>>> print(open('data-v5.txt').read())   # compact mmCIF, N, CA and C atoms and all ligand atoms
# COMPACT_ATOMS: atom_id res chain seq x y z
N MET A 1 0.84 -1.21 0.00
CA MET A 1 0.00 0.00 0.00
C MET A 1 0.87 1.25 0.00
N ASN A 2 1.81 1.29 0.96
CA ASN A 2 2.74 2.43 1.03
C ASN A 2 3.56 2.55 -0.25
N ASN A 3 3.91 1.38 -0.80
CA ASN A 3 4.68 1.39 -2.05
C ASN A 3 3.87 1.99 -3.19
N THR A 4 2.58 1.67 -3.22
CA THR A 4 1.70 2.20 -4.28
C THR A 4 1.64 3.72 -4.19
N ILE A 5 1.46 4.22 -2.96
CA ILE A 5 1.38 5.68 -2.76
C ILE A 5 2.71 6.34 -3.17
N ALA A 6 3.80 5.71 -2.76
CA ALA A 6 5.12 6.26 -3.10
C ALA A 6 5.31 6.29 -4.62
N LEU A 7 4.83 5.23 -5.28
CA LEU A 7 4.97 5.13 -6.73
C LEU A 7 4.14 6.23 -7.42
N ILE A 8 2.91 6.41 -6.93
CA ILE A 8 2.04 7.45 -7.52
C ILE A 8 2.66 8.83 -7.30
N ALA A 9 3.15 9.07 -6.09
CA ALA A 9 3.77 10.36 -5.77
C ALA A 9 4.97 10.61 -6.68
N THR A 10 5.78 9.59 -6.89
CA THR A 10 6.96 9.71 -7.76
C THR A 10 6.52 10.02 -9.19
N ALA A 11 5.49 9.32 -9.66
CA ALA A 11 4.99 9.53 -11.02
C ALA A 11 4.49 10.96 -11.20
N ILE A 12 3.80 11.48 -10.16
CA ILE A 12 3.29 12.85 -10.24
C ILE A 12 4.45 13.86 -10.30
N ILE A 13 5.46 13.62 -9.47
CA ILE A 13 6.61 14.55 -9.43
C ILE A 13 7.35 14.54 -10.78
N ILE A 14 7.62 13.34 -11.29
CA ILE A 14 8.34 13.23 -12.57
C ILE A 14 7.48 13.82 -13.70
N GLY A 15 6.21 13.45 -13.70
CA GLY A 15 5.29 13.96 -14.73
C GLY A 15 5.24 15.47 -14.71
N GLY A 16 5.18 16.03 -13.53
CA GLY A 16 5.13 17.49 -13.38
C GLY A 16 6.39 18.14 -13.91
N ALA A 17 7.52 17.54 -13.59
CA ALA A 17 8.81 18.09 -14.04
C ALA A 17 8.90 18.06 -15.56
N VAL A 18 8.44 16.94 -16.15
CA VAL A 18 8.47 16.81 -17.61
C VAL A 18 7.54 17.85 -18.24
N ALA A 19 6.32 17.96 -17.71
CA ALA A 19 5.34 18.91 -18.25
C ALA A 19 5.89 20.33 -18.14
N PHE A 20 6.51 20.65 -17.01
CA PHE A 20 7.06 21.98 -16.79
C PHE A 20 8.12 22.31 -17.84
N THR A 21 8.99 21.35 -18.10
CA THR A 21 10.08 21.55 -19.07
C THR A 21 9.53 21.68 -20.49
N VAL A 22 8.59 20.80 -20.84
CA VAL A 22 8.05 20.78 -22.21
C VAL A 22 7.19 22.01 -22.48
N LEU A 23 6.39 22.40 -21.48
CA LEU A 23 5.45 23.49 -21.69
C LEU A 23 6.06 24.87 -21.45
N LEU A 24 7.29 24.89 -20.97
CA LEU A 24 7.94 26.17 -20.67
C LEU A 24 8.02 27.03 -21.94
N PRO A 25 7.51 28.25 -21.90
CA PRO A 25 7.61 29.08 -23.12
C PRO A 25 9.07 29.38 -23.43
N THR A 26 9.40 29.35 -24.70
CA THR A 26 10.80 29.55 -25.08
C THR A 26 11.06 30.97 -25.59
N GLU A 27 9.99 31.71 -25.93
CA GLU A 27 10.21 33.03 -26.51
C GLU A 27 9.80 34.16 -25.59
N THR A 28 10.20 34.07 -24.35
CA THR A 28 9.87 35.14 -23.41
C THR A 28 11.13 35.90 -23.04
N ALA A 29 11.72 36.55 -24.04
CA ALA A 29 12.90 37.36 -23.78
C ALA A 29 12.50 38.55 -22.92
N PRO A 30 13.30 38.88 -21.89
CA PRO A 30 12.96 40.06 -21.08
C PRO A 30 12.97 41.32 -21.94
N LEU A 31 12.12 42.28 -21.61
CA LEU A 31 11.98 43.49 -22.42
C LEU A 31 13.31 44.21 -22.59
N SER A 32 14.16 44.17 -21.58
CA SER A 32 15.43 44.90 -21.66
C SER A 32 16.29 44.38 -22.80
N SER A 33 16.08 43.13 -23.22
CA SER A 33 16.91 42.58 -24.29
C SER A 33 16.38 42.95 -25.68
N LEU A 34 15.28 43.69 -25.74
CA LEU A 34 14.70 44.06 -27.03
C LEU A 34 15.40 45.28 -27.63
N GLY A 35 16.17 45.98 -26.86
CA GLY A 35 16.85 47.17 -27.35
C GLY A 35 18.04 46.80 -28.21
N PRO A 36 18.52 47.77 -29.04
CA PRO A 36 19.70 47.50 -29.87
C PRO A 36 20.94 47.38 -29.00
N ALA A 37 21.96 46.72 -29.53
CA ALA A 37 23.21 46.55 -28.78
C ALA A 37 23.84 47.90 -28.46
N THR A 38 23.75 48.84 -29.40
CA THR A 38 24.34 50.17 -29.21
C THR A 38 23.28 51.23 -29.48
N PRO A 39 22.54 51.66 -28.46
CA PRO A 39 21.45 52.63 -28.70
C PRO A 39 21.95 54.03 -29.06
N VAL A 40 23.15 54.38 -28.61
CA VAL A 40 23.68 55.71 -28.91
C VAL A 40 25.06 55.55 -29.53
N GLU A 41 25.23 56.19 -30.69
CA GLU A 41 26.50 56.05 -31.39
C GLU A 41 26.92 57.42 -31.91
N ILE A 42 28.19 57.78 -31.70
CA ILE A 42 28.71 59.01 -32.30
C ILE A 42 29.45 58.59 -33.57
N ARG A 43 28.98 59.10 -34.69
CA ARG A 43 29.58 58.72 -35.97
C ARG A 43 30.91 59.44 -36.19
N ALA A 44 31.64 58.94 -37.18
CA ALA A 44 32.95 59.53 -37.52
C ALA A 44 32.81 61.00 -37.89
N ASP A 45 31.65 61.39 -38.49
CA ASP A 45 31.47 62.78 -38.90
C ASP A 45 31.02 63.68 -37.74
N GLY A 46 30.97 63.11 -36.53
CA GLY A 46 30.65 63.93 -35.36
C GLY A 46 29.16 64.03 -35.06
N THR A 47 28.33 63.42 -35.89
CA THR A 47 26.90 63.42 -35.61
C THR A 47 26.55 62.21 -34.74
N GLN A 48 25.40 62.31 -34.14
CA GLN A 48 24.99 61.28 -33.19
C GLN A 48 23.77 60.51 -33.71
N ALA A 49 23.85 59.21 -33.60
CA ALA A 49 22.75 58.35 -34.05
C ALA A 49 22.19 57.56 -32.88
N ILE A 50 20.90 57.75 -32.64
CA ILE A 50 20.21 57.00 -31.58
C ILE A 50 19.33 55.96 -32.27
N THR A 51 19.30 54.77 -31.74
CA THR A 51 18.45 53.71 -32.30
C THR A 51 17.50 53.21 -31.22
N ILE A 52 16.21 53.21 -31.55
CA ILE A 52 15.20 52.69 -30.62
C ILE A 52 14.41 51.61 -31.35
N ASN A 53 14.38 50.43 -30.79
CA ASN A 53 13.56 49.36 -31.35
C ASN A 53 12.12 49.50 -30.85
N VAL A 54 11.19 49.34 -31.76
CA VAL A 54 9.77 49.49 -31.43
C VAL A 54 9.12 48.12 -31.44
N LYS A 55 8.72 47.68 -30.27
CA LYS A 55 8.05 46.38 -30.14
C LYS A 55 7.17 46.47 -28.89
N SER A 56 5.90 46.70 -29.10
CA SER A 56 4.97 46.91 -27.97
C SER A 56 5.58 47.89 -26.97
N GLY A 57 6.07 49.00 -27.50
CA GLY A 57 6.75 50.00 -26.67
C GLY A 57 8.09 50.31 -27.28
N TYR A 58 8.91 51.04 -26.53
CA TYR A 58 10.17 51.55 -27.07
C TYR A 58 11.34 51.02 -26.25
N HIS A 59 12.33 50.52 -26.96
CA HIS A 59 13.46 49.86 -26.30
C HIS A 59 14.76 50.41 -26.86
N PRO A 60 15.59 51.13 -26.08
CA PRO A 60 15.32 51.42 -24.68
C PRO A 60 14.30 52.55 -24.53
N ARG A 61 13.71 52.63 -23.35
CA ARG A 61 12.72 53.67 -23.06
C ARG A 61 13.39 54.96 -22.61
N ALA A 62 14.56 54.83 -22.04
CA ALA A 62 15.30 56.00 -21.57
C ALA A 62 16.68 55.98 -22.22
N VAL A 63 16.99 57.07 -22.91
CA VAL A 63 18.27 57.16 -23.61
C VAL A 63 18.99 58.40 -23.09
N VAL A 64 20.28 58.27 -22.81
CA VAL A 64 21.09 59.43 -22.45
C VAL A 64 22.00 59.69 -23.64
N ALA A 65 21.89 60.91 -24.20
CA ALA A 65 22.65 61.25 -25.40
C ALA A 65 23.52 62.47 -25.12
N LYS A 66 24.42 62.74 -26.06
CA LYS A 66 25.35 63.85 -25.91
C LYS A 66 24.73 65.14 -26.45
N ALA A 67 24.84 66.19 -25.66
CA ALA A 67 24.34 67.50 -26.09
C ALA A 67 25.34 68.16 -27.03
N GLY A 68 24.84 69.10 -27.85
CA GLY A 68 25.74 69.94 -28.63
C GLY A 68 26.17 69.40 -29.98
N ILE A 69 25.65 68.26 -30.39
CA ILE A 69 25.99 67.73 -31.72
C ILE A 69 24.70 67.33 -32.44
N PRO A 70 24.70 67.46 -33.78
CA PRO A 70 23.49 67.09 -34.53
C PRO A 70 23.12 65.63 -34.27
N THR A 71 21.84 65.43 -33.95
CA THR A 71 21.40 64.09 -33.52
C THR A 71 20.17 63.65 -34.30
N GLU A 72 20.13 62.39 -34.60
CA GLU A 72 18.91 61.83 -35.18
C GLU A 72 18.59 60.53 -34.47
N VAL A 73 17.30 60.21 -34.47
CA VAL A 73 16.87 58.95 -33.85
C VAL A 73 16.21 58.09 -34.92
N THR A 74 16.62 56.84 -34.95
CA THR A 74 16.05 55.89 -35.91
C THR A 74 15.19 54.88 -35.15
N PHE A 75 13.97 54.74 -35.63
CA PHE A 75 13.04 53.78 -35.04
C PHE A 75 12.95 52.56 -35.95
N ILE A 76 13.04 51.40 -35.35
CA ILE A 76 13.01 50.15 -36.12
C ILE A 76 11.89 49.25 -35.62
N THR A 77 11.02 48.83 -36.54
CA THR A 77 10.00 47.85 -36.20
C THR A 77 10.32 46.54 -36.91
N ASN A 78 9.92 45.44 -36.28
CA ASN A 78 10.08 44.13 -36.88
C ASN A 78 8.86 43.29 -36.47
N ASN A 79 7.89 43.23 -37.37
CA ASN A 79 6.64 42.52 -37.07
C ASN A 79 5.96 43.05 -35.82
N ASN A 80 5.81 44.34 -35.76
CA ASN A 80 5.10 44.94 -34.63
C ASN A 80 3.77 45.53 -35.14
N PHE A 81 2.70 45.15 -34.46
CA PHE A 81 1.38 45.49 -35.00
C PHE A 81 0.56 46.37 -34.06
N ASP A 82 1.19 46.95 -33.04
CA ASP A 82 0.36 47.74 -32.13
C ASP A 82 0.61 49.24 -32.31
N CYS A 83 -0.03 50.02 -31.46
CA CYS A 83 -0.05 51.47 -31.63
C CYS A 83 1.32 52.12 -31.43
N SER A 84 2.30 51.38 -30.92
CA SER A 84 3.62 52.00 -30.76
C SER A 84 4.26 52.29 -32.12
N ASN A 85 3.67 51.79 -33.21
CA ASN A 85 4.15 52.13 -34.56
C ASN A 85 3.86 53.59 -34.93
N ASP A 86 2.92 54.22 -34.24
CA ASP A 86 2.59 55.62 -34.50
C ASP A 86 3.21 56.47 -33.41
N ILE A 87 4.24 57.20 -33.81
CA ILE A 87 5.06 57.90 -32.81
C ILE A 87 4.86 59.40 -32.89
N LEU A 88 4.62 59.99 -31.73
CA LEU A 88 4.50 61.45 -31.64
C LEU A 88 5.67 61.97 -30.83
N ILE A 89 6.30 63.03 -31.35
CA ILE A 89 7.31 63.76 -30.56
C ILE A 89 6.80 65.19 -30.48
N PRO A 90 6.00 65.50 -29.45
CA PRO A 90 5.30 66.79 -29.39
C PRO A 90 6.24 68.00 -29.45
N ALA A 91 7.39 67.94 -28.80
CA ALA A 91 8.30 69.09 -28.77
C ALA A 91 8.76 69.48 -30.17
N LEU A 92 8.77 68.52 -31.09
CA LEU A 92 9.22 68.78 -32.45
C LEU A 92 8.04 68.89 -33.42
N GLY A 93 6.83 68.68 -32.90
CA GLY A 93 5.67 68.64 -33.78
C GLY A 93 5.78 67.52 -34.79
N ASN A 94 6.46 66.46 -34.40
CA ASN A 94 6.73 65.37 -35.34
C ASN A 94 5.81 64.17 -35.11
N LYS A 95 5.31 63.65 -36.23
CA LYS A 95 4.49 62.45 -36.19
C LYS A 95 5.08 61.47 -37.19
N THR A 96 5.46 60.30 -36.73
CA THR A 96 6.08 59.29 -37.59
C THR A 96 5.25 58.02 -37.56
N GLN A 97 4.92 57.54 -38.73
CA GLN A 97 4.16 56.29 -38.81
C GLN A 97 5.02 55.21 -39.40
N LEU A 98 5.18 54.13 -38.67
CA LEU A 98 5.98 53.01 -39.15
C LEU A 98 5.08 51.86 -39.58
N ALA A 99 5.50 51.18 -40.63
CA ALA A 99 4.83 49.94 -41.02
C ALA A 99 5.24 48.86 -40.00
N PRO A 100 4.56 47.72 -39.98
CA PRO A 100 4.91 46.67 -39.01
C PRO A 100 6.39 46.28 -39.04
N THR A 101 6.99 46.27 -40.24
CA THR A 101 8.44 46.06 -40.34
C THR A 101 8.99 47.23 -41.14
N ASP A 102 9.75 48.08 -40.46
CA ASP A 102 10.09 49.38 -41.06
C ASP A 102 11.28 50.00 -40.33
N THR A 103 11.86 51.03 -40.94
CA THR A 103 12.93 51.80 -40.32
C THR A 103 12.73 53.25 -40.72
N LYS A 104 12.61 54.14 -39.74
CA LYS A 104 12.45 55.56 -40.07
C LYS A 104 13.30 56.41 -39.13
N THR A 105 13.86 57.48 -39.70
CA THR A 105 14.76 58.33 -38.94
C THR A 105 14.17 59.72 -38.78
N VAL A 106 14.26 60.26 -37.58
CA VAL A 106 13.76 61.60 -37.28
C VAL A 106 14.94 62.45 -36.80
N ALA A 107 15.12 63.61 -37.42
CA ALA A 107 16.20 64.52 -37.01
C ALA A 107 15.78 65.23 -35.72
N LEU A 108 16.64 65.24 -34.73
CA LEU A 108 16.34 65.91 -33.46
C LEU A 108 17.04 67.25 -33.35
N GLY A 109 17.88 67.57 -34.33
CA GLY A 109 18.63 68.82 -34.28
C GLY A 109 19.76 68.73 -33.27
N THR A 110 20.28 69.87 -32.88
CA THR A 110 21.35 69.92 -31.89
C THR A 110 20.75 70.40 -30.58
N ARG A 111 20.75 69.57 -29.58
CA ARG A 111 20.08 69.90 -28.32
C ARG A 111 21.10 70.38 -27.29
N THR A 112 20.60 71.11 -26.31
CA THR A 112 21.49 71.61 -25.26
C THR A 112 21.42 70.68 -24.04
N ALA A 113 22.45 70.74 -23.21
CA ALA A 113 22.53 69.88 -22.02
C ALA A 113 21.34 70.15 -21.10
N GLY A 114 20.77 69.11 -20.58
CA GLY A 114 19.63 69.23 -19.69
C GLY A 114 18.29 69.08 -20.38
N GLU A 115 18.32 69.14 -21.71
CA GLU A 115 17.07 68.99 -22.47
C GLU A 115 16.65 67.52 -22.53
N THR A 116 15.34 67.32 -22.49
CA THR A 116 14.81 65.97 -22.68
C THR A 116 13.77 66.02 -23.80
N ILE A 117 13.95 65.15 -24.77
CA ILE A 117 12.96 65.01 -25.83
C ILE A 117 12.14 63.76 -25.51
N SER A 118 10.84 63.98 -25.37
CA SER A 118 9.96 62.87 -25.05
C SER A 118 9.08 62.53 -26.24
N GLY A 119 8.75 61.28 -26.35
CA GLY A 119 7.85 60.85 -27.41
C GLY A 119 7.07 59.64 -26.94
N GLY A 120 6.12 59.25 -27.79
CA GLY A 120 5.35 58.07 -27.43
C GLY A 120 4.29 57.79 -28.46
N CYS A 121 3.52 56.77 -28.21
CA CYS A 121 2.44 56.44 -29.12
C CYS A 121 1.36 57.51 -29.01
N SER A 122 0.47 57.53 -29.99
CA SER A 122 -0.48 58.64 -30.06
C SER A 122 -1.40 58.73 -28.85
N MET A 123 -1.56 57.65 -28.09
CA MET A 123 -2.41 57.77 -26.91
C MET A 123 -1.61 57.73 -25.61
N SER A 124 -0.28 57.95 -25.72
CA SER A 124 0.57 58.04 -24.53
C SER A 124 0.57 56.79 -23.67
N MET A 125 0.34 55.68 -24.29
CA MET A 125 0.34 54.41 -23.57
C MET A 125 1.78 53.94 -23.41
N TYR A 126 2.55 54.12 -24.49
CA TYR A 126 3.97 53.78 -24.48
C TYR A 126 4.74 55.08 -24.67
N ASN A 127 5.88 55.22 -24.01
CA ASN A 127 6.65 56.45 -24.20
C ASN A 127 8.14 56.20 -24.05
N PHE A 128 8.89 57.22 -24.45
CA PHE A 128 10.36 57.15 -24.30
C PHE A 128 10.88 58.55 -24.04
N ASN A 129 12.05 58.63 -23.44
CA ASN A 129 12.72 59.90 -23.16
C ASN A 129 14.15 59.85 -23.65
N ILE A 130 14.56 60.91 -24.31
CA ILE A 130 15.96 61.06 -24.70
C ILE A 130 16.48 62.29 -23.98
N THR A 131 17.41 62.07 -23.06
CA THR A 131 17.95 63.16 -22.25
C THR A 131 19.34 63.51 -22.75
N PHE A 132 19.59 64.80 -22.90
CA PHE A 132 20.89 65.26 -23.42
C PHE A 132 21.72 65.81 -22.27
N GLN A 133 22.98 65.44 -22.27
CA GLN A 133 23.87 65.95 -21.23
C GLN A 133 25.28 66.15 -21.75
CU CU B 1 -0.83 53.50 -27.69
>>> encode(input="data-v5.txt", output="structure tokens")
Amino acid sequence: MNNTIALIATAIIIGGAVAFTVLLPTETAPLSSLGPATPVEIRADGTQAITINVKSGYHPRAVVAKAGIPTEVTFITNNNFDCSNDILIPALGNKTQLAPTDTKTVALGTRTAGETISGGCSMSMYNFNITFQ
């Protein structure tokens, strides 16, 4: 009798472990890994390139950039179908619409230290900040 219970308990534990391993989702990358490897780059010509990946929000959401040099931000989508494809940057009066898989660049001009350029989807559900220092 005790052996039967022990056997059932063992079967449940092993079965659970197998189910857990098999059913474990494999594509749950943390949001922080959705950003580009190098979000801020100073080019050889002295201009600054910011890259933000758009996937159910903006990655990275907070960017620290260098003040005093011409800067542009490039938004990249890859099979993204939500409202974060429609980007508003109110301070610049800029509205950018990306296709689900797309790349678009917005010139930010030359900003001064302490300035923050904010943007987000048209209903402010997702947002990002680029701070210059
Ligand atoms: Cu939205």
>>> residues_around(input="data-v5.txt", residues="range 116-120 of chain A", least_positions_apart="3", cutoff="5 Å", atoms="all atoms listed in the file", output="ChimeraX atom specification")
/A:87-89,126-132
>>> residues_near_ligand(input="data-v5.txt", ligand="ligand CU 1 (chain B)", cutoff="8 Å", atoms="all atoms listed in the file", output="ChimeraX atom specification")
/A:82-86,120-127
>>> write_last_selection(input="data-v5.txt", atoms="N, CA and C atoms", output="compact mmCIF listing (two decimals), in the coordinates of the input")
# COMPACT_ATOMS: atom_id res chain seq x y z
N ASP A 82 1.19 46.95 -33.04
CA ASP A 82 0.36 47.74 -32.13
C ASP A 82 0.61 49.24 -32.31
N CYS A 83 -0.03 50.02 -31.46
CA CYS A 83 -0.05 51.47 -31.63
C CYS A 83 1.32 52.12 -31.43
N SER A 84 2.30 51.38 -30.92
CA SER A 84 3.62 52.00 -30.76
C SER A 84 4.26 52.29 -32.12
N ASN A 85 3.67 51.79 -33.21
CA ASN A 85 4.15 52.13 -34.56
C ASN A 85 3.86 53.59 -34.93
N ASP A 86 2.92 54.22 -34.24
CA ASP A 86 2.59 55.62 -34.50
C ASP A 86 3.21 56.47 -33.41
N GLY A 120 6.12 59.25 -27.79
CA GLY A 120 5.35 58.07 -27.43
C GLY A 120 4.29 57.79 -28.46
N CYS A 121 3.52 56.77 -28.21
CA CYS A 121 2.44 56.44 -29.12
C CYS A 121 1.36 57.51 -29.01
N SER A 122 0.47 57.53 -29.99
CA SER A 122 -0.48 58.64 -30.06
C SER A 122 -1.40 58.73 -28.85
N MET A 123 -1.56 57.65 -28.09
CA MET A 123 -2.41 57.77 -26.91
C MET A 123 -1.61 57.73 -25.61
N SER A 124 -0.28 57.95 -25.72
CA SER A 124 0.57 58.04 -24.53
C SER A 124 0.57 56.79 -23.67
N MET A 125 0.34 55.68 -24.29
CA MET A 125 0.34 54.41 -23.57
C MET A 125 1.78 53.94 -23.41
N TYR A 126 2.55 54.12 -24.49
CA TYR A 126 3.97 53.78 -24.48
C TYR A 126 4.74 55.08 -24.67
N ASN A 127 5.88 55.22 -24.01
CA ASN A 127 6.65 56.45 -24.20
C ASN A 127 8.14 56.20 -24.05
>>> atom_distance(input="data-v5.txt", atom1="atom C of Gly109 in chain A", atom2="atom C of Leu34 in chain A")
24.5 Å
>>> select_by_dssp(input="data-v5.txt", residues="range 38-98 of chain A", states="helix (DSSP H, G or I)", output="number ranges by chain")
A: 83-85, 90-92
>>> closest_residue(input="data-v5.txt", among="A:Asn80, A:Val63, A:Val54, A:Ile69", to="Leu108 in chain A", atoms="only C-alpha atoms")
A:Ile69
>>> atom_distance(input="data-v5.txt", atom1="atom N of Lys95 in chain A", atom2="atom N of Gly114 in chain A")
22.7 Å
